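Here is the file run_37.txt (compact mmCIF, C-alpha atoms and all ligand atoms).
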```txt
# COMPACT_ATOMS: atom_id res chain seq x y z
CA MET A 188 182.74 204.27 -51.18
CA ILE A 189 181.07 207.55 -52.03
CA ARG A 190 178.37 207.59 -54.71
CA THR A 191 176.44 210.49 -56.22
CA VAL A 192 172.69 210.34 -55.60
CA PHE A 193 169.84 212.29 -57.15
CA ARG A 194 168.43 214.07 -54.13
CA GLY A 195 165.82 216.13 -55.99
CA VAL A 196 164.45 216.74 -59.47
CA GLY A 197 162.48 219.62 -60.97
CA GLY A 198 161.34 220.89 -64.34
CA PHE A 199 159.70 223.78 -66.08
CA VAL A 200 158.21 224.48 -69.49
CA PRO A 201 156.76 227.83 -70.62
CA ASP A 202 152.94 228.08 -70.57
CA ASN A 203 152.60 228.66 -74.30
CA ILE A 204 151.71 225.38 -76.07
CA VAL A 205 152.31 225.13 -79.83
CA THR A 206 150.45 222.22 -81.39
CA ASN A 207 151.29 220.56 -84.69
CA GLN A 208 148.17 222.22 -86.02
CA ASP A 209 149.60 225.62 -84.99
CA LEU A 210 152.74 224.83 -87.04
CA THR A 211 150.62 224.34 -90.16
CA GLU A 212 149.94 228.10 -90.02
CA LEU A 213 153.69 228.76 -90.26
CA MET A 214 154.92 226.09 -92.69
CA ASP A 215 153.84 223.36 -95.06
CA THR A 216 153.41 220.45 -92.65
CA SER A 217 150.66 218.41 -91.02
CA ASP A 218 149.74 216.91 -87.68
CA GLU A 219 149.76 213.45 -89.30
CA TRP A 220 153.29 213.86 -90.73
CA ILE A 221 154.79 215.10 -87.46
CA ILE A 222 153.13 212.44 -85.32
CA ALA A 223 154.03 209.62 -87.72
CA ARG A 224 157.69 210.70 -88.14
CA THR A 225 158.45 211.95 -84.63
CA GLY A 226 155.69 211.09 -82.13
CA ILE A 227 155.43 214.78 -81.20
CA LYS A 228 151.96 216.28 -80.68
CA GLN A 229 152.90 219.63 -79.17
CA ARG A 230 155.80 221.60 -77.75
CA HIS A 231 156.13 224.65 -75.47
CA TRP A 232 157.63 227.83 -76.93
CA ILE A 233 158.28 231.02 -74.99
CA ASN A 234 156.01 233.96 -75.88
CA GLU A 235 157.72 236.55 -73.70
CA GLU A 236 161.42 237.41 -73.46
CA MET A 237 163.10 234.59 -71.53
CA GLY A 238 166.56 233.04 -71.73
CA SER A 239 167.55 229.50 -70.85
CA SER A 240 168.65 230.77 -67.42
CA ASP A 241 165.12 232.13 -66.76
CA LEU A 242 163.56 228.75 -67.53
CA ALA A 243 166.21 227.19 -65.33
CA VAL A 244 165.30 229.40 -62.34
CA GLU A 245 161.83 227.80 -62.25
CA ALA A 246 163.21 224.26 -62.59
CA VAL A 247 165.77 224.90 -59.85
CA GLY A 248 163.09 226.11 -57.43
CA ALA A 249 161.15 222.89 -57.99
CA ALA A 250 164.27 220.71 -57.64
CA VAL A 251 165.35 222.41 -54.40
CA GLU A 252 161.88 221.91 -52.93
CA ASN A 253 161.81 218.29 -54.08
CA ALA A 254 165.24 217.68 -52.51
CA GLY A 255 164.18 219.24 -49.21
CA ILE A 256 167.31 221.41 -49.09
CA GLU A 257 167.93 225.15 -48.86
CA LEU A 258 169.11 226.99 -51.97
CA LEU A 259 172.19 228.04 -49.97
CA ASP A 260 173.21 224.36 -49.60
CA ILE A 261 174.17 224.30 -53.31
CA ASP A 262 177.94 224.64 -53.69
CA CYS A 263 178.36 224.29 -57.47
CA ILE A 264 176.35 224.85 -60.67
CA VAL A 265 176.72 222.83 -63.87
CA PHE A 266 174.58 224.22 -66.69
CA ALA A 267 174.09 222.26 -69.92
CA THR A 268 172.67 224.19 -72.87
CA LEU A 269 173.14 224.77 -76.59
CA SER A 270 171.01 227.91 -76.39
CA PRO A 271 172.73 230.15 -73.84
CA ASP A 272 171.14 233.49 -72.95
CA HIS A 273 174.12 235.26 -74.58
CA THR A 274 177.30 234.22 -76.42
CA PHE A 275 179.24 234.74 -73.20
CA PRO A 276 179.40 234.46 -70.26
CA GLY A 277 177.72 231.11 -69.78
CA SER A 278 174.11 230.74 -68.67
CA GLY A 279 175.38 229.24 -65.40
CA CYS A 280 176.59 232.71 -64.38
CA PHE A 281 173.25 234.33 -65.24
CA LEU A 282 171.43 231.60 -63.32
CA GLN A 283 173.75 231.97 -60.35
CA GLU A 284 172.98 235.71 -60.10
CA LYS A 285 169.23 235.09 -60.40
CA ILE A 286 169.16 232.52 -57.62
CA GLY A 287 171.48 234.56 -55.41
CA LEU A 288 174.44 232.21 -55.00
CA ALA A 289 177.33 234.62 -55.62
CA GLY A 290 180.75 233.03 -55.23
CA ILE A 291 180.06 229.40 -56.08
CA PRO A 292 181.44 228.03 -59.37
CA ALA A 293 179.24 227.96 -62.47
CA LEU A 294 180.29 225.70 -65.34
CA ASP A 295 178.58 225.68 -68.73
CA VAL A 296 178.55 222.42 -70.69
CA ARG A 297 178.17 222.62 -74.49
CA ASN A 298 177.35 219.07 -75.51
CA GLN A 299 173.86 219.54 -76.89
CA CYS A 300 171.62 216.46 -76.53
CA SER A 301 174.31 214.73 -74.48
CA GLY A 302 174.89 217.82 -72.32
CA PHE A 303 172.97 216.51 -69.33
CA ILE A 304 174.89 213.21 -69.15
CA TYR A 305 178.23 214.94 -69.82
CA GLY A 306 177.36 217.36 -67.00
CA LEU A 307 176.34 214.47 -64.77
CA SER A 308 179.69 212.79 -65.39
CA VAL A 309 181.59 215.94 -64.32
CA ALA A 310 179.37 216.52 -61.28
CA ASP A 311 179.69 212.86 -60.27
CA ALA A 312 183.49 213.03 -60.41
CA TRP A 313 183.54 216.21 -58.31
CA ILE A 314 181.21 214.71 -55.72
CA ARG A 315 183.12 211.42 -55.48
CA THR A 316 186.41 213.26 -54.96
CA GLY A 317 184.77 215.43 -52.29
CA GLN A 318 185.38 218.70 -54.15
CA TYR A 319 181.68 219.65 -54.02
CA LYS A 320 178.88 218.27 -51.87
CA CYS A 321 175.70 219.63 -53.41
CA VAL A 322 175.79 220.16 -57.16
CA LEU A 323 172.96 221.77 -59.07
CA LEU A 324 172.90 220.23 -62.56
CA VAL A 325 170.65 221.98 -65.06
CA GLY A 326 169.66 221.31 -68.66
CA ALA A 327 167.76 224.21 -70.21
CA GLU A 328 166.98 225.33 -73.74
CA VAL A 329 165.19 228.07 -75.62
CA HIS A 330 165.07 226.71 -79.17
CA SER A 331 162.08 228.60 -80.47
CA THR A 332 163.89 231.90 -81.04
CA GLY A 333 166.68 230.20 -83.02
CA ILE A 334 164.91 227.99 -85.54
CA ASN A 335 163.66 228.64 -89.05
CA ILE A 336 159.90 228.45 -88.64
CA THR A 337 159.14 228.34 -92.35
CA THR A 338 158.76 225.41 -94.76
CA GLU A 339 162.50 225.59 -95.44
CA GLY A 340 163.29 224.76 -91.82
CA ARG A 341 160.36 222.44 -91.11
CA ASP A 342 162.43 219.29 -90.49
CA VAL A 343 164.17 220.95 -87.54
CA ALA A 344 161.41 223.35 -86.48
CA CYS A 345 158.84 220.61 -85.91
CA ILE A 346 160.95 218.72 -83.38
CA PHE A 347 162.37 221.34 -81.01
CA GLY A 348 160.71 222.66 -77.86
CA ASP A 349 161.72 224.97 -75.00
CA GLY A 350 162.12 223.72 -71.43
CA ALA A 351 164.35 223.21 -68.42
CA GLY A 352 165.11 220.41 -65.99
CA ALA A 353 167.24 220.50 -62.85
CA VAL A 354 168.59 217.93 -60.42
CA ILE A 355 170.28 218.22 -57.04
CA LEU A 356 173.20 215.82 -56.68
CA THR A 357 174.69 214.93 -53.29
CA PRO A 358 177.06 212.26 -51.91
CA SER A 359 175.93 209.02 -50.29
CA GLN A 360 177.98 206.48 -48.35
CA ASP A 361 175.72 203.71 -49.68
CA SER A 362 177.84 202.20 -52.44
CA GLN A 363 174.84 200.30 -53.83
CA ARG A 364 172.94 203.49 -54.72
CA GLY A 365 173.41 206.45 -57.03
CA VAL A 366 175.40 206.95 -60.22
CA LEU A 367 177.13 203.62 -60.90
CA SER A 368 178.82 204.77 -64.11
CA THR A 369 178.85 207.27 -66.95
CA HIS A 370 180.25 206.61 -70.43
CA LEU A 371 180.85 209.49 -72.84
CA HIS A 372 181.73 209.55 -76.54
CA ALA A 373 182.12 211.97 -79.43
CA ASP A 374 183.00 211.85 -83.13
CA GLY A 375 183.77 215.30 -84.53
CA LYS A 376 183.85 213.93 -88.08
CA TYR A 377 180.10 214.50 -88.05
CA ALA A 378 180.14 217.96 -86.46
CA ARG A 379 178.56 219.50 -89.55
CA SER A 380 175.73 216.97 -89.74
CA LEU A 381 173.84 218.85 -87.05
CA TRP A 382 175.00 222.35 -86.32
CA ILE A 383 174.56 226.09 -86.36
CA GLU A 384 177.33 227.52 -88.52
CA ALA A 385 177.10 231.22 -87.68
CA PRO A 386 177.89 233.41 -85.89
CA GLY A 387 181.38 231.90 -85.72
CA SER A 388 184.71 233.29 -84.52
CA ARG A 389 186.46 231.90 -87.60
CA PHE A 390 184.70 234.25 -90.05
CA LEU A 391 186.39 237.45 -91.25
CA PRO A 392 185.90 240.30 -90.86
CA LEU A 393 182.92 239.63 -88.61
CA ARG A 394 181.35 236.57 -87.05
CA ILE A 395 178.14 237.10 -88.96
CA SER A 396 177.15 239.19 -91.96
CA LYS A 397 173.92 240.21 -93.60
CA ASP A 398 174.73 237.77 -96.43
CA MET A 399 175.03 234.89 -93.97
CA ILE A 400 171.70 235.80 -92.45
CA ASP A 401 170.12 236.05 -95.90
CA GLN A 402 171.48 232.54 -96.61
CA GLY A 403 170.02 231.24 -93.33
CA ARG A 404 173.39 230.13 -92.02
CA HIS A 405 172.41 231.20 -88.49
CA PHE A 406 169.70 228.51 -88.35
CA PRO A 407 170.31 224.93 -87.17
CA LYS A 408 170.85 222.48 -90.06
CA MET A 409 170.43 218.76 -89.66
CA LYS A 410 170.95 215.76 -91.91
CA GLY A 411 168.01 214.08 -90.24
CA ARG A 412 168.31 210.58 -91.73
CA HIS A 413 172.04 210.52 -91.09
CA VAL A 414 171.57 211.55 -87.43
CA PHE A 415 168.81 208.98 -87.04
CA THR A 416 170.96 206.13 -88.42
CA HIS A 417 173.86 206.92 -86.10
CA ALA A 418 171.59 207.40 -83.07
CA VAL A 419 170.03 203.93 -83.33
CA LYS A 420 173.51 202.38 -83.56
CA ARG A 421 175.37 204.38 -80.93
CA MET A 422 172.73 204.48 -78.20
CA PRO A 423 172.43 200.67 -77.85
CA GLU A 424 176.25 200.42 -77.90
CA VAL A 425 176.77 202.94 -75.10
CA ILE A 426 173.92 201.48 -73.01
CA LEU A 427 175.45 198.00 -73.24
CA GLN A 428 178.87 199.47 -72.44
CA GLY A 429 177.44 200.99 -69.24
CA LEU A 430 175.59 197.86 -68.20
CA GLU A 431 178.56 195.58 -68.89
CA ALA A 432 180.88 197.84 -66.87
CA ASN A 433 178.62 197.15 -63.88
CA GLY A 434 178.17 193.43 -64.51
CA LEU A 435 174.51 194.07 -65.38
CA GLY A 436 172.30 193.17 -68.31
CA VAL A 437 169.26 194.59 -70.09
CA ASP A 438 166.95 192.40 -67.97
CA ASP A 439 168.18 194.16 -64.81
CA VAL A 440 166.96 197.57 -66.00
CA ASP A 441 163.73 198.87 -64.43
CA LEU A 442 163.48 202.07 -66.45
CA PHE A 443 165.20 203.25 -69.62
CA ILE A 444 165.13 207.03 -70.05
CA PRO A 445 166.46 208.05 -73.46
CA HIS A 446 167.04 211.60 -74.62
CA GLN A 447 163.76 212.53 -76.30
CA ALA A 448 164.97 213.14 -79.86
CA ASN A 449 162.33 211.30 -81.83
CA GLN A 450 159.89 208.61 -80.67
CA LEU A 451 160.96 206.41 -83.59
CA ILE A 452 164.58 206.51 -82.33
CA THR A 453 163.41 205.58 -78.82
CA GLU A 454 161.37 202.66 -80.18
CA ALA A 455 164.18 201.44 -82.43
CA VAL A 456 166.72 201.49 -79.56
CA ALA A 457 164.24 199.74 -77.25
CA GLN A 458 163.59 197.08 -79.87
CA ILE A 459 167.30 196.47 -80.55
CA LEU A 460 167.96 195.99 -76.83
CA GLY A 461 164.72 194.13 -76.07
CA PHE A 462 163.15 196.66 -73.70
CA ASP A 463 159.39 196.18 -73.50
CA THR A 464 157.44 199.46 -73.68
CA LYS A 465 156.63 199.36 -69.94
CA ARG A 466 160.34 199.89 -69.18
CA VAL A 467 160.82 202.81 -71.57
CA TYR A 468 160.00 206.38 -70.59
CA SER A 469 158.67 208.85 -73.12
CA ASN A 470 157.18 212.33 -72.86
CA ILE A 471 158.19 213.63 -76.30
CA ALA A 472 154.53 213.88 -77.38
CA ARG A 473 154.06 216.79 -74.94
CA TYR A 474 157.37 218.66 -75.09
CA GLY A 475 159.10 217.74 -78.36
CA ASN A 476 162.88 217.54 -78.30
CA THR A 477 164.23 219.85 -75.58
CA THR A 478 167.89 218.78 -76.06
CA ALA A 479 169.80 219.13 -72.75
CA ALA A 480 166.54 219.50 -70.83
CA SER A 481 164.91 216.32 -72.09
CA ILE A 482 166.41 213.78 -69.67
CA PRO A 483 165.86 215.85 -66.48
CA LEU A 484 162.31 216.66 -67.65
CA CYS A 485 161.78 212.90 -68.01
CA LEU A 486 163.18 212.34 -64.51
CA ARG A 487 160.77 214.95 -63.13
CA ASP A 488 157.77 213.43 -64.94
CA ALA A 489 158.76 209.82 -64.17
CA GLN A 490 159.02 210.67 -60.49
CA GLU A 491 155.62 212.37 -60.56
CA ASP A 492 154.18 209.33 -62.36
CA GLY A 493 155.54 207.07 -59.59
CA ARG A 494 157.86 205.28 -62.01
CA LEU A 495 161.08 205.99 -60.12
CA LYS A 496 161.32 204.01 -56.90
CA THR A 497 164.27 203.76 -54.54
CA GLY A 498 166.42 200.84 -55.65
CA ASP A 499 165.26 200.88 -59.28
CA LEU A 500 167.96 200.48 -61.90
CA VAL A 501 167.64 203.41 -64.30
CA VAL A 502 169.58 203.82 -67.53
CA LEU A 503 169.92 207.25 -69.16
CA ALA A 504 171.21 207.54 -72.72
CA SER A 505 171.64 210.24 -75.33
CA PHE A 506 172.79 210.94 -78.85
CA GLY A 507 173.09 214.26 -80.62
CA ALA A 508 175.13 216.98 -82.26
CA GLY A 509 178.89 216.59 -82.28
CA PHE A 510 178.16 213.73 -82.76
CA THR A 511 178.14 213.01 -79.05
CA TRP A 512 176.58 210.09 -77.24
CA ALA A 513 176.55 208.94 -73.63
CA SER A 514 174.96 206.72 -71.02
CA ALA A 515 174.57 206.72 -67.25
CA VAL A 516 173.65 203.73 -65.12
CA VAL A 517 171.94 204.82 -61.92
CA ARG A 518 170.58 202.90 -58.92
CA TRP A 519 167.76 205.26 -57.90
O1 LIG B 1 168.18 215.56 -80.69
C1 LIG B 1 169.19 215.84 -81.60
C2 LIG B 1 169.37 214.74 -82.55
N1 LIG B 1 168.36 214.83 -83.57
C3 LIG B 1 167.73 213.72 -83.94
O2 LIG B 1 167.95 212.69 -83.38
C4 LIG B 1 166.79 213.83 -85.11
C5 LIG B 1 166.94 212.61 -85.99
N2 LIG B 1 166.16 212.71 -87.23
C6 LIG B 1 164.82 212.79 -87.24
O3 LIG B 1 164.18 212.85 -86.23
C7 LIG B 1 164.14 212.74 -88.57
O4 LIG B 1 165.09 212.56 -89.59
C8 LIG B 1 163.28 214.00 -88.89
C9 LIG B 1 162.03 214.02 -88.03
C10 LIG B 1 164.07 215.28 -88.66
C11 LIG B 1 162.84 214.02 -90.35
O5 LIG B 1 162.08 212.84 -90.61
P1 LIG B 1 162.44 211.88 -91.82
O6 LIG B 1 161.46 210.81 -91.81
O7 LIG B 1 163.89 211.49 -91.71
O8 LIG B 1 162.21 212.80 -93.08
P2 LIG B 1 163.26 213.23 -94.21
O9 LIG B 1 164.23 214.24 -93.67
O10 LIG B 1 163.84 212.02 -94.89
O11 LIG B 1 162.32 213.96 -95.23
C12 LIG B 1 161.30 213.24 -95.96
C13 LIG B 1 160.38 214.26 -96.61
C14 LIG B 1 161.13 215.38 -97.32
O12 LIG B 1 160.41 215.74 -98.45
P3 LIG B 1 160.81 215.19 -99.93
O13 LIG B 1 162.22 215.66 -100.14
O14 LIG B 1 160.69 213.70 -99.83
O15 LIG B 1 159.81 215.85 -100.80
C15 LIG B 1 161.11 216.51 -96.35
O16 LIG B 1 161.16 217.79 -96.96
O17 LIG B 1 159.62 214.91 -95.58
C16 LIG B 1 159.75 216.32 -95.73
N3 LIG B 1 159.62 216.94 -94.41
C17 LIG B 1 158.45 217.32 -93.89
N4 LIG B 1 157.21 217.23 -94.37
C18 LIG B 1 156.21 217.72 -93.61
C19 LIG B 1 160.60 217.24 -93.51
N5 LIG B 1 160.07 217.82 -92.43
C20 LIG B 1 158.73 217.89 -92.65
C21 LIG B 1 157.67 218.38 -91.90
N6 LIG B 1 156.42 218.27 -92.42
N7 LIG B 1 157.82 218.95 -90.68
```

Kindly present the structure from the file in structure tokens form.
Ligand code: UT7
Amino acid sequence: MIRTVFRGVGGFVPDNIVTNQDLTELMDTSDEWIIARTGIKQRHWINEEMGSSDLAVEAVGAAVENAGIELLDIDCIVFATLSPDHTFPGSGCFLQEKIGLAGIPALDVRNQCSGFIYGLSVADAWIRTGQYKCVLLVGAEVHSTGINITTEGRDVACIFGDGAGAVILTPSQDSQRGVLSTHLHADGKYARSLWIEAPGSRFLPLRISKDMIDQGRHFPKMKGRHVFTHAVKRMPEVILQGLEANGLGVDDVDLFIPHQANQLITEAVAQILGFDTKRVYSNIARYGNTTAASIPLCLRDAQEDGRLKTGDLVVLASFGAGFTWASAVVRW
């Protein structure tokens, strides 16, 4: 039986660090409020022109080196982002040109915080059917140029950071290792609870107008409490669904890597499932919420910290806009 294994991981964040204290210069907020409500101490924001594909280039270089492969071994790109370089084509195409892999397919995945696990599910299916043998899966975001960095937008602005993570996925004949399952969900009833409304193809005569910009409809809007409540319900559900599908339980898990949305969400999910803090990975204090990049950035950091050992049972889980939620059970 063929399984998909993580052959290499890499990550990149821009040099420019923005602390909570820095945000107090831009909006009415405080270091104490942000730490208490989110666990975030700082985030990285670009300070020169860079798109999500540019951040991805750096993460890909690190992942390729970590995997011990040649760039030319990659035969498919899956790029998860909610902040593409341009409206179209997808960032996967821009990345492909930058890393010099003309001809191979480049798929963009638009599932926000769940984008990495949705992308993993697609890549895993392609690898198990033999369609592709070396998939580059990227999660990359540039949030900082899209958020309202005034008091009006402070709930959203304080959580988001820029960054990229990349993994190299390859087949293994060892049926005990690799991606054991992925479970994906969505509920479009809540699409407007966390979204950017404009520009939008449905608006006449143009996708965006000066009035819309004046009304701030091009900024992300989030019903924070509402998202929080659903996240702490859906993430435990989808984790248990993944574990049960494999005949495993919470006690079997060596490391739980949640999407880094808010430290309070991570702690609530861990408490509901009974994960002690030693088995829960968190780096949100340093990067904030980097959406599709958060799980691969965790994988990169966890590997560097020596917390990912061959044979470990790792559970990835996410919840975010859509709403979408997902889990992956992986034998590292
Ligand atoms: O990754 C994608 C999925 N996203 C998430 O999972 C995010 C889930 N939600 C959250 O993380 C939290 O809801 C937030 C961090 C966004 C907000 O925290 P909260 O504890 O839910 O605050 P709240 O929205 O209920 O607002 C409480 C108060 C409000 O003031 P009033 O109306 O009580 O006067 C807000 O205006 O806190 C105010 N507030 C802030 N104050 C200082 C909101 N943001 C800030 C801020 N600094 N940055």

**Study point:** Counting only C-alpha atoms, the option among A:Phe193, A:Trp313, A:Trp220, A:Trp232 closest to Ser331 of chain A
**Key:** A:Trp232

Exercise for review: Output the neighbourhood of ligand LIG 1 (chain B) as number ranges by chain, that is, all protein and nucleic acid residues with some atom at most 6 Å from the ligand, counting all atoms listed in the file.
Suggested key: A: 216-217, 220-221, 224-225, 300, 341-343, 345, 411-412, 414-415, 448-449, 478, 507

Review point. Closest to Cys280 of chain A among A:Thr332, A:Gln318, A:Ser239, A:Ser362, using all atoms listed in the file?
Key: A:Ser239

I'd like the neighbourhood of Val329 of chain A as a PDB file with C-alpha atoms, in the frame of the given file, where a residue qualifies if any of its atoms comes within 12 Å (using all atoms listed in the file), though same-chain residues fewer than 5 positions away should be ignored.
```pdb
ATOM      1  CA  PHE A 199     159.700 223.780 -66.080  1.00  0.00           C
ATOM      2  CA  VAL A 200     158.210 224.480 -69.490  1.00  0.00           C
ATOM      3  CA  PRO A 201     156.760 227.830 -70.620  1.00  0.00           C
ATOM      4  CA  ARG A 230     155.800 221.600 -77.750  1.00  0.00           C
ATOM      5  CA  HIS A 231     156.130 224.650 -75.470  1.00  0.00           C
ATOM      6  CA  TRP A 232     157.630 227.830 -76.930  1.00  0.00           C
ATOM      7  CA  ILE A 233     158.280 231.020 -74.990  1.00  0.00           C
ATOM      8  CA  ASN A 234     156.010 233.960 -75.880  1.00  0.00           C
ATOM      9  CA  GLU A 235     157.720 236.550 -73.700  1.00  0.00           C
ATOM     10  CA  GLU A 236     161.420 237.410 -73.460  1.00  0.00           C
ATOM     11  CA  MET A 237     163.100 234.590 -71.530  1.00  0.00           C
ATOM     12  CA  GLY A 238     166.560 233.040 -71.730  1.00  0.00           C
ATOM     13  CA  SER A 239     167.550 229.500 -70.850  1.00  0.00           C
ATOM     14  CA  SER A 240     168.650 230.770 -67.420  1.00  0.00           C
ATOM     15  CA  ASP A 241     165.120 232.130 -66.760  1.00  0.00           C
ATOM     16  CA  LEU A 242     163.560 228.750 -67.530  1.00  0.00           C
ATOM     17  CA  ALA A 243     166.210 227.190 -65.330  1.00  0.00           C
ATOM     18  CA  THR A 268     172.670 224.190 -72.870  1.00  0.00           C
ATOM     19  CA  LEU A 269     173.140 224.770 -76.590  1.00  0.00           C
ATOM     20  CA  SER A 270     171.010 227.910 -76.390  1.00  0.00           C
ATOM     21  CA  PRO A 271     172.730 230.150 -73.840  1.00  0.00           C
ATOM     22  CA  ASP A 272     171.140 233.490 -72.950  1.00  0.00           C
ATOM     23  CA  HIS A 273     174.120 235.260 -74.580  1.00  0.00           C
ATOM     24  CA  SER A 278     174.110 230.740 -68.670  1.00  0.00           C
ATOM     25  CA  ILE A 334     164.910 227.990 -85.540  1.00  0.00           C
ATOM     26  CA  PHE A 347     162.370 221.340 -81.010  1.00  0.00           C
ATOM     27  CA  GLY A 348     160.710 222.660 -77.860  1.00  0.00           C
ATOM     28  CA  ASP A 349     161.720 224.970 -75.000  1.00  0.00           C
ATOM     29  CA  GLY A 350     162.120 223.720 -71.430  1.00  0.00           C
ATOM     30  CA  ALA A 351     164.350 223.210 -68.420  1.00  0.00           C
ATOM     31  CA  ASN A 476     162.880 217.540 -78.300  1.00  0.00           C
ATOM     32  CA  THR A 477     164.230 219.850 -75.580  1.00  0.00           C
ATOM     33  CA  THR A 478     167.890 218.780 -76.060  1.00  0.00           C
ATOM     34  CA  ALA A 479     169.800 219.130 -72.750  1.00  0.00           C
ATOM     35  CA  ALA A 480     166.540 219.500 -70.830  1.00  0.00           C
TER      36      ALA A 480
END
```

Point to revise | All residues 10 Å or closer to Ile426 of chain A, only C-alpha atoms, same chain fewer than 3 positions away omitted, as number ranges by chain | key: A: 369-370, 421-423, 429-432, 436-437, 443, 445, 456, 460, 502-505, 512-516

Those same residues, written as a compact mmCIF listing (two decimals), keeping the file's coordinate frame with C-alpha atoms?
```txt
# COMPACT_ATOMS: atom_id res chain seq x y z
CA THR A 369 178.85 207.27 -66.95
CA HIS A 370 180.25 206.61 -70.43
CA ARG A 421 175.37 204.38 -80.93
CA MET A 422 172.73 204.48 -78.20
CA PRO A 423 172.43 200.67 -77.85
CA GLY A 429 177.44 200.99 -69.24
CA LEU A 430 175.59 197.86 -68.20
CA GLU A 431 178.56 195.58 -68.89
CA ALA A 432 180.88 197.84 -66.87
CA GLY A 436 172.30 193.17 -68.31
CA VAL A 437 169.26 194.59 -70.09
CA PHE A 443 165.20 203.25 -69.62
CA PRO A 445 166.46 208.05 -73.46
CA VAL A 456 166.72 201.49 -79.56
CA LEU A 460 167.96 195.99 -76.83
CA VAL A 502 169.58 203.82 -67.53
CA LEU A 503 169.92 207.25 -69.16
CA ALA A 504 171.21 207.54 -72.72
CA SER A 505 171.64 210.24 -75.33
CA TRP A 512 176.58 210.09 -77.24
CA ALA A 513 176.55 208.94 -73.63
CA SER A 514 174.96 206.72 -71.02
CA ALA A 515 174.57 206.72 -67.25
CA VAL A 516 173.65 203.73 -65.12
```

**Study point:** Atomic separation - atom CA of Met409 of chain A relative to atom CA of Ile383 of chain A, Å
**Key:**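 These atoms are spaced 9.0 Å apart.
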
Review point. Separation of atom CA of His330 of chain A and atom CA of Arg297 of chain A, in Å?
Key: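 Between these atoms lies a distance of 14.5 Å.
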
Point to revise | One-decimal distance in Å that lies between atom CA of Ala249 of chain A and atom CA of Ser481 of chain A | key: 16.0 Å

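Among A:Val354, A:Cys321, A:Ile227, A:Leu259, the residue with the shortest atom-to-atom distance to Gln208 of chain A, counting only C-alpha atoms, is A:Ile227.
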
Revision key, fill the gap. Of A:Leu294, A:Ala289, A:Leu435, A:Ile189, the one sitting nearest Gln360 of chain A when using all atoms listed in the file is A:Ile189

**Study point:** Distance query 8 Å from (172.4, 215.8, -54.1) using all atoms listed in the file, result as a ChimeraX atom specification
**Key:** /A:191-195,254,320-323,354-358
